[in-house]
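**Q** Starting off with a structure, shown below.
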Amino acid sequence: MDIKVGIPRGLLYYYYFPLWNKFFETLGAEVVVSQPTNKKIIENGVKNTVDEACLPVKVYHGHVIDLKDRVDFLFVPKLMSVYKNEYICPKFCGLPEMISSSVKDLPPLIDTTINFRKSRKNLFKAVYEIGSPITKNVSEIEKAYEDGLKHYHEYRALMKQGVLPIDMTKEYHQKRKIITVNQQKVVLLGHPYNLYDPHLSMNIIAKLREKDVMVITPEMMDTSLINQYANQMDKKMFWSFGRKIIGTAFYAMEEPTVSGMIYLSSFGCGLDSVIADIAERRVRRSSRKPFTVLTLDEHTGEAGIDTRIEAFVDMIQWREKNENNFSSHG
Ligand code: SF4
């Protein structure tokens, strides 16, 4: 019988799932993913996580609980750094330990440390460690990683064309047409797990599209363009997702076809509060574009978010129609 590897549908699932799904499948394992985020997953996550944790980490715990009795291994890597001289949020570094101490009766974790801050020299060592519960065959693991990487690059290329995780169904080609005929552009900023988890984000992408707004996210941007804009900061932003968000915000500020920006942030996220503050100050100082922050926590009501989205879209549509020299903040 195939070994079952569980991948929780949370945090960087929305970024790296195609890579690890293909990797484990090529090695002959069965990949089991937790259900899409729902009320029960959030409740279980909140109940089993320390109060100080941010909502995405709590939700991740809920996904672990959803999976733990159905799999032989749980893939919960200890992500520290994926780019040279940059870091991922410190919450990711302690994730396996946090899960082990908060959730009872877990299957063994595949909790390999991924730290490329200094170099990628140890990349294969980490990949081998991840694959070794399934096989010890080095060339099989190498081949599985190559296949996984190919899938990951295809997925990222689709995102750059505007095909976002919510579109990645069999009919995504049809949905792409819907995206390309939209007119007004709004840049949606935030960490990928806030933007692309439909339940956590309260379907913000679909809601904006329904209002004929084209949504642009950091994952749709070219890396070189992001870096070019992020480099306008006096100091280097050493959080990888922070760099992407800031680069996208600065681009949006200058790009004439973008009508406004929405930052989707998590309550209790130190990084979001710093990044949103930097972006908002710069936008207020140098541009007239509307910028709004929507903060999510487990108590956020959908009706309130809907009202804010509606008001935001009404405002950018009104401005588009009526004037060009009106302060967006006055
Ligand atoms: S970046 Fe913020 S939301 Fe993401 S895991 Fe860290 S604290 Fe949580």
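Simple scheme: letters A, B, ... for chains in structure tokens order, numbers from 1 for residues in each chain, numbers from 1 for ligands in the order shown.
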If you count only C-alpha atoms and all ligand atoms, which residues end up within 10 Å of ligand 1, as number ranges by chain?

**A** A: 11-12, 52-58, 60, 88-93, 95, 190-194, 239, 241-242, 265-273, 296

**Q** Convert the current residue selection to file output with N, CA, C and O atoms, as a compact mmCIF listing (two decimals), in the first residue's frame.

**A**
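Below is the file that was written, out-v5.txt:
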# COMPACT_ATOMS: atom_id res chain seq x y z
N LEU A 11 -0.72 28.21 5.01
CA LEU A 11 0.56 28.91 4.87
C LEU A 11 1.11 28.75 3.45
O LEU A 11 0.41 29.04 2.50
N LEU A 12 2.31 28.22 3.30
CA LEU A 12 2.88 28.27 1.94
C LEU A 12 2.40 27.14 1.03
O LEU A 12 2.97 26.92 -0.05
N GLU A 52 -1.44 34.11 21.14
CA GLU A 52 -0.65 35.15 20.45
C GLU A 52 -0.41 34.84 18.98
O GLU A 52 0.06 35.70 18.24
N ALA A 53 -0.68 33.62 18.57
CA ALA A 53 -0.39 33.27 17.16
C ALA A 53 -1.30 34.06 16.23
O ALA A 53 -2.42 34.45 16.58
N CYS A 54 -0.80 34.29 15.01
CA CYS A 54 -1.61 35.00 14.00
C CYS A 54 -2.65 34.01 13.43
O CYS A 54 -2.50 32.79 13.57
N LEU A 55 -3.64 34.56 12.77
CA LEU A 55 -4.71 33.70 12.24
C LEU A 55 -4.19 32.63 11.27
O LEU A 55 -4.58 31.46 11.39
N PRO A 56 -3.30 32.94 10.29
CA PRO A 56 -2.86 31.88 9.38
C PRO A 56 -2.18 30.70 10.10
O PRO A 56 -2.34 29.55 9.68
N VAL A 57 -1.44 30.99 11.18
CA VAL A 57 -0.80 29.89 11.92
C VAL A 57 -1.86 29.07 12.66
O VAL A 57 -1.81 27.84 12.70
N LYS A 58 -2.87 29.74 13.20
CA LYS A 58 -3.96 29.01 13.87
C LYS A 58 -4.68 28.11 12.86
O LYS A 58 -4.96 26.94 13.12
N TYR A 60 -3.51 26.91 10.15
CA TYR A 60 -2.62 25.80 9.77
C TYR A 60 -2.76 24.65 10.77
O TYR A 60 -2.80 23.48 10.39
N ILE A 88 12.19 34.13 6.00
CA ILE A 88 10.74 33.97 6.03
C ILE A 88 10.34 34.36 7.46
O ILE A 88 11.17 34.33 8.36
N CYS A 89 9.11 34.69 7.68
CA CYS A 89 8.66 35.09 9.02
C CYS A 89 9.11 34.09 10.10
O CYS A 89 9.03 32.87 9.88
N PRO A 90 9.56 34.57 11.26
CA PRO A 90 10.05 33.66 12.31
C PRO A 90 9.03 32.60 12.72
O PRO A 90 9.41 31.53 13.21
N LYS A 91 7.74 32.85 12.52
CA LYS A 91 6.73 31.85 12.90
C LYS A 91 6.93 30.54 12.14
O LYS A 91 6.60 29.47 12.63
N PHE A 92 7.46 30.63 10.91
CA PHE A 92 7.67 29.42 10.12
C PHE A 92 8.81 28.57 10.68
O PHE A 92 8.81 27.37 10.52
N CYS A 93 9.79 29.24 11.32
CA CYS A 93 10.94 28.50 11.84
C CYS A 93 10.53 27.58 12.98
O CYS A 93 11.10 26.52 13.18
N LEU A 95 7.49 26.31 13.42
CA LEU A 95 6.21 25.65 13.15
C LEU A 95 6.17 24.17 13.57
O LEU A 95 5.23 23.76 14.27
N GLY A 190 -0.50 41.39 0.14
CA GLY A 190 -0.58 40.56 1.34
C GLY A 190 0.18 39.26 1.14
O GLY A 190 0.69 38.98 0.06
N HIS A 191 0.25 38.47 2.21
CA HIS A 191 0.90 37.16 2.13
C HIS A 191 0.00 36.19 1.34
O HIS A 191 -1.23 36.29 1.44
N PRO A 192 0.62 35.25 0.60
CA PRO A 192 -0.19 34.40 -0.29
C PRO A 192 -1.30 33.64 0.41
O PRO A 192 -2.38 33.47 -0.15
N TYR A 193 -1.06 33.21 1.67
CA TYR A 193 -2.10 32.43 2.36
C TYR A 193 -3.29 33.30 2.73
O TYR A 193 -4.40 32.80 2.92
N ASN A 194 -3.09 34.61 2.86
CA ASN A 194 -4.24 35.48 3.10
C ASN A 194 -4.98 35.77 1.80
O ASN A 194 -6.20 35.85 1.78
N TRP A 239 12.75 40.42 4.65
CA TRP A 239 11.73 39.36 4.64
C TRP A 239 11.34 39.13 3.18
O TRP A 239 10.94 40.10 2.49
N PHE A 241 8.76 37.77 1.62
CA PHE A 241 7.42 38.18 1.18
C PHE A 241 7.22 39.68 1.35
O PHE A 241 6.50 40.30 0.58
N GLY A 242 7.91 40.24 2.32
CA GLY A 242 7.84 41.69 2.50
C GLY A 242 8.39 42.41 1.28
O GLY A 242 7.83 43.39 0.80
N SER A 265 -4.45 42.05 5.58
CA SER A 265 -3.46 41.72 6.61
C SER A 265 -4.09 40.85 7.70
O SER A 265 -5.31 40.80 7.84
N SER A 266 -3.22 40.16 8.45
CA SER A 266 -3.72 39.30 9.54
C SER A 266 -3.56 40.03 10.85
O SER A 266 -2.47 40.56 11.12
N PHE A 267 -4.58 39.97 11.68
CA PHE A 267 -4.48 40.55 13.02
C PHE A 267 -3.36 39.80 13.75
O PHE A 267 -3.27 38.57 13.68
N GLY A 268 -2.51 40.53 14.43
CA GLY A 268 -1.44 39.87 15.19
C GLY A 268 -0.19 39.60 14.37
O GLY A 268 0.75 39.01 14.87
N CYS A 269 -0.17 40.04 13.11
CA CYS A 269 1.02 39.82 12.28
C CYS A 269 1.92 41.04 12.34
O CYS A 269 1.58 42.10 11.80
N GLY A 270 3.08 40.89 13.00
CA GLY A 270 4.01 42.00 13.13
C GLY A 270 4.51 42.46 11.77
O GLY A 270 4.67 43.64 11.51
N LEU A 271 4.78 41.48 10.89
CA LEU A 271 5.32 41.83 9.56
C LEU A 271 4.31 42.65 8.78
O LEU A 271 4.65 43.67 8.17
N ASP A 272 3.06 42.19 8.78
CA ASP A 272 2.04 42.93 8.02
C ASP A 272 1.92 44.36 8.52
O ASP A 272 1.78 45.28 7.73
N SER A 273 1.99 44.54 9.87
CA SER A 273 1.80 45.92 10.33
C SER A 273 2.95 46.80 9.87
O SER A 273 2.73 47.94 9.48
N LEU A 296 -7.82 40.83 8.97
CA LEU A 296 -8.64 39.64 9.19
C LEU A 296 -8.27 38.98 10.51
O LEU A 296 -7.09 38.84 10.83

**Q** May I have all residues of stretch 58-282 of chain A that DSSP, computed from the backbone, assigns to strand (DSSP E or B), given as a ChimeraX atom specification?

**A** /A:73-75,78-81,87,109-110,113-115,184-189,213-216,239,258-266

**Q** I'd like the neighbourhood of A:Ile205 as a list of chain:residue names, where a residue qualifies if any of its atoms comes within 9 Å (using only C-alpha atoms), though same-chain residues fewer than 4 positions away should be ignored.

**A** A:Ile166, A:Leu188, A:Leu195, A:Tyr196, A:Pro198, A:Ser201, A:Arg209, A:Glu210, A:Met214, A:Val215

**Q** So which bits of stretch 15-201 of chain A end up helix (DSSP H, G or I) when you DSSP the backbone, as number ranges by chain?

**A** A: 15-26, 39-47, 55-70, 90-93, 95-102, 123-131, 138-160, 165-167, 172-181, 192-196

**Q** Restricting the calculation to only C-alpha atoms: of A:Lys289, A:Gly260, A:Asp277, A:Ile216, which residue gets closest to A:Ile246?

**A**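 Among A:Lys289, A:Gly260, A:Asp277, A:Ile216, it is A:Asp277 that comes nearest to A:Ile246.
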
**Q** In Å to one decimal, how far is atom CA of A:Pro133 from atom CA of A:Tyr155?

**A**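 One can read the atom CA of A:Tyr155 to atom CA of A:Pro133 distance as 26.1 Å.
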
**Q** Report, in Å to a single decimal, how far apart atom CA of A:Val103 and atom CA of A:Ile41 are.

**A** 13.3 Å

**Q** Give me, as JSON lines, each residue of stretch 182-216 of chain A that comes within 10 Å of stretch 299-309 of chain A, together with its shortest interatomic pair and the distance in Å at one decimal, counting only C-alpha atoms, with rows ordered by chain and rising residue number.

**A**
{"residue": "A:His199", "atom": "CA", "partner": "A:Glu302", "partner_atom": "CA", "distance": 9.9}
{"residue": "A:Leu200", "atom": "CA", "partner": "A:Thr300", "partner_atom": "CA", "distance": 9.6}
{"residue": "A:Ser201", "atom": "CA", "partner": "A:Glu302", "partner_atom": "CA", "distance": 9.4}
{"residue": "A:Met202", "atom": "CA", "partner": "A:Glu302", "partner_atom": "CA", "distance": 6.5}
{"residue": "A:Asn203", "atom": "CA", "partner": "A:Glu302", "partner_atom": "CA", "distance": 9.5}
{"residue": "A:Ile204", "atom": "CA", "partner": "A:Ile309", "partner_atom": "CA", "distance": 8.0}
{"residue": "A:Lys207", "atom": "CA", "partner": "A:Ile309", "partner_atom": "CA", "distance": 8.2}
{"residue": "A:Leu208", "atom": "CA", "partner": "A:Ile309", "partner_atom": "CA", "distance": 7.6}
{"residue": "A:Lys211", "atom": "CA", "partner": "A:Ile309", "partner_atom": "CA", "distance": 9.8}

**Q** What's the 12 Å shell around A:Val138, counting only C-alpha atoms, without same-chain residues fewer than 3 positions away, as a list in words?

**A**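 Surrounding residues, per the criterion: Leu27, Phe124, Lys125, Val127, Tyr128, Glu129, Ile130, Gly131, Ser132, Ile134, Thr135, Ile141, Glu142, Lys143, Ala144 and Tyr145 of chain A.
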
**Q** Give me, as a compact mmCIF listing (two decimals) with N, CA and C atoms, in the first residue's frame, all polymer residues having an atom no more than 12 Å from A:Val5, counting only C-alpha atoms and skipping those fewer than 5 positions away in the same chain.

**A**
# COMPACT_ATOMS: atom_id res chain seq x y z
N TRP A 20 5.82 20.06 -4.12
CA TRP A 20 5.91 18.92 -3.21
C TRP A 20 4.89 17.84 -3.53
N ASN A 21 3.79 18.24 -4.09
CA ASN A 21 2.80 17.25 -4.52
C ASN A 21 3.41 16.34 -5.58
N LYS A 22 4.02 16.96 -6.60
CA LYS A 22 4.63 16.18 -7.68
C LYS A 22 5.81 15.37 -7.15
N PHE A 23 6.58 15.96 -6.26
CA PHE A 23 7.75 15.29 -5.68
C PHE A 23 7.32 13.98 -5.00
N PHE A 24 6.36 14.08 -4.09
CA PHE A 24 5.96 12.88 -3.34
C PHE A 24 5.27 11.87 -4.25
N GLU A 25 4.47 12.37 -5.17
CA GLU A 25 3.78 11.44 -6.08
C GLU A 25 4.78 10.70 -6.97
N LEU A 27 7.67 9.90 -6.21
CA LEU A 27 8.34 8.88 -5.39
C LEU A 27 7.40 7.70 -5.07
N GLY A 28 6.15 7.81 -5.48
CA GLY A 28 5.22 6.70 -5.27
C GLY A 28 4.34 6.86 -4.04
N ALA A 29 4.41 8.01 -3.38
CA ALA A 29 3.56 8.21 -2.20
C ALA A 29 2.19 8.72 -2.63
N GLU A 30 1.21 8.55 -1.76
CA GLU A 30 -0.09 9.16 -2.01
C GLU A 30 -0.15 10.47 -1.23
N VAL A 31 -0.43 11.55 -1.93
CA VAL A 31 -0.49 12.85 -1.24
C VAL A 31 -1.93 13.11 -0.80
N VAL A 32 -2.10 13.40 0.48
CA VAL A 32 -3.43 13.72 1.00
C VAL A 32 -3.40 15.19 1.46
N VAL A 33 -4.34 15.97 0.96
CA VAL A 33 -4.39 17.39 1.34
C VAL A 33 -5.59 17.59 2.27
N SER A 34 -5.44 18.46 3.24
CA SER A 34 -6.58 18.72 4.13
C SER A 34 -7.70 19.40 3.34
N VAL A 64 -3.75 20.70 10.14
CA VAL A 64 -2.99 19.55 10.65
C VAL A 64 -3.94 18.59 11.35
N LEU A 67 -5.94 16.45 9.06
CA LEU A 67 -5.21 15.42 8.32
C LEU A 67 -4.63 14.30 9.17
N LYS A 68 -4.31 14.60 10.41
CA LYS A 68 -3.36 13.78 11.16
C LYS A 68 -3.75 12.30 11.28
N ASP A 69 -5.04 11.99 11.31
CA ASP A 69 -5.41 10.58 11.49
C ASP A 69 -5.56 9.84 10.16
N ARG A 70 -5.27 10.53 9.07
CA ARG A 70 -5.48 9.90 7.76
C ARG A 70 -4.19 9.65 7.00
N VAL A 71 -3.05 9.97 7.62
CA VAL A 71 -1.79 9.89 6.86
C VAL A 71 -0.69 9.20 7.67
N ASP A 72 0.36 8.74 6.96
CA ASP A 72 1.49 8.10 7.64
C ASP A 72 2.53 9.14 8.05
N PHE A 73 2.64 10.21 7.28
CA PHE A 73 3.59 11.29 7.60
C PHE A 73 2.91 12.62 7.33
N LEU A 74 3.33 13.62 8.08
CA LEU A 74 2.84 14.98 7.81
C LEU A 74 4.01 15.83 7.38
N PHE A 75 3.85 16.54 6.27
CA PHE A 75 4.93 17.38 5.76
C PHE A 75 4.79 18.79 6.34
N VAL A 76 5.63 19.08 7.33
CA VAL A 76 5.60 20.40 7.98
C VAL A 76 7.04 20.92 8.03
N PRO A 107 1.10 11.83 13.52
CA PRO A 107 2.00 10.88 12.84
C PRO A 107 3.39 11.52 12.78
N PRO A 108 4.43 10.78 12.37
CA PRO A 108 5.76 11.42 12.28
C PRO A 108 5.73 12.61 11.33
N LEU A 109 6.45 13.65 11.72
CA LEU A 109 6.53 14.84 10.86
C LEU A 109 7.74 14.76 9.94
N ILE A 110 7.58 15.21 8.71
CA ILE A 110 8.75 15.46 7.85
C ILE A 110 9.03 16.95 8.06
N ILE A 130 13.81 15.11 2.90
CA ILE A 130 12.35 15.14 2.73
C ILE A 130 11.85 13.85 2.05
N GLY A 131 12.63 13.36 1.08
CA GLY A 131 12.19 12.17 0.34
C GLY A 131 12.50 10.86 1.06
N PRO A 133 11.82 9.36 3.90
CA PRO A 133 10.83 8.43 4.50
C PRO A 133 10.14 7.57 3.44
N ILE A 134 10.22 7.97 2.17
CA ILE A 134 9.54 7.20 1.11
C ILE A 134 10.53 6.25 0.44

**Q** Work out how far apart atom CA of A:Ser240 and atom CA of A:Gln35 are and give it in Å to one decimal.

**A**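 So the answer is 27.7 Å.
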
**Q** Considering only C-alpha atoms, can you say which of A:Asp234, A:Glu280, A:Glu310, A:Glu219 comes closest to A:Tyr14?

**A** A:Glu219
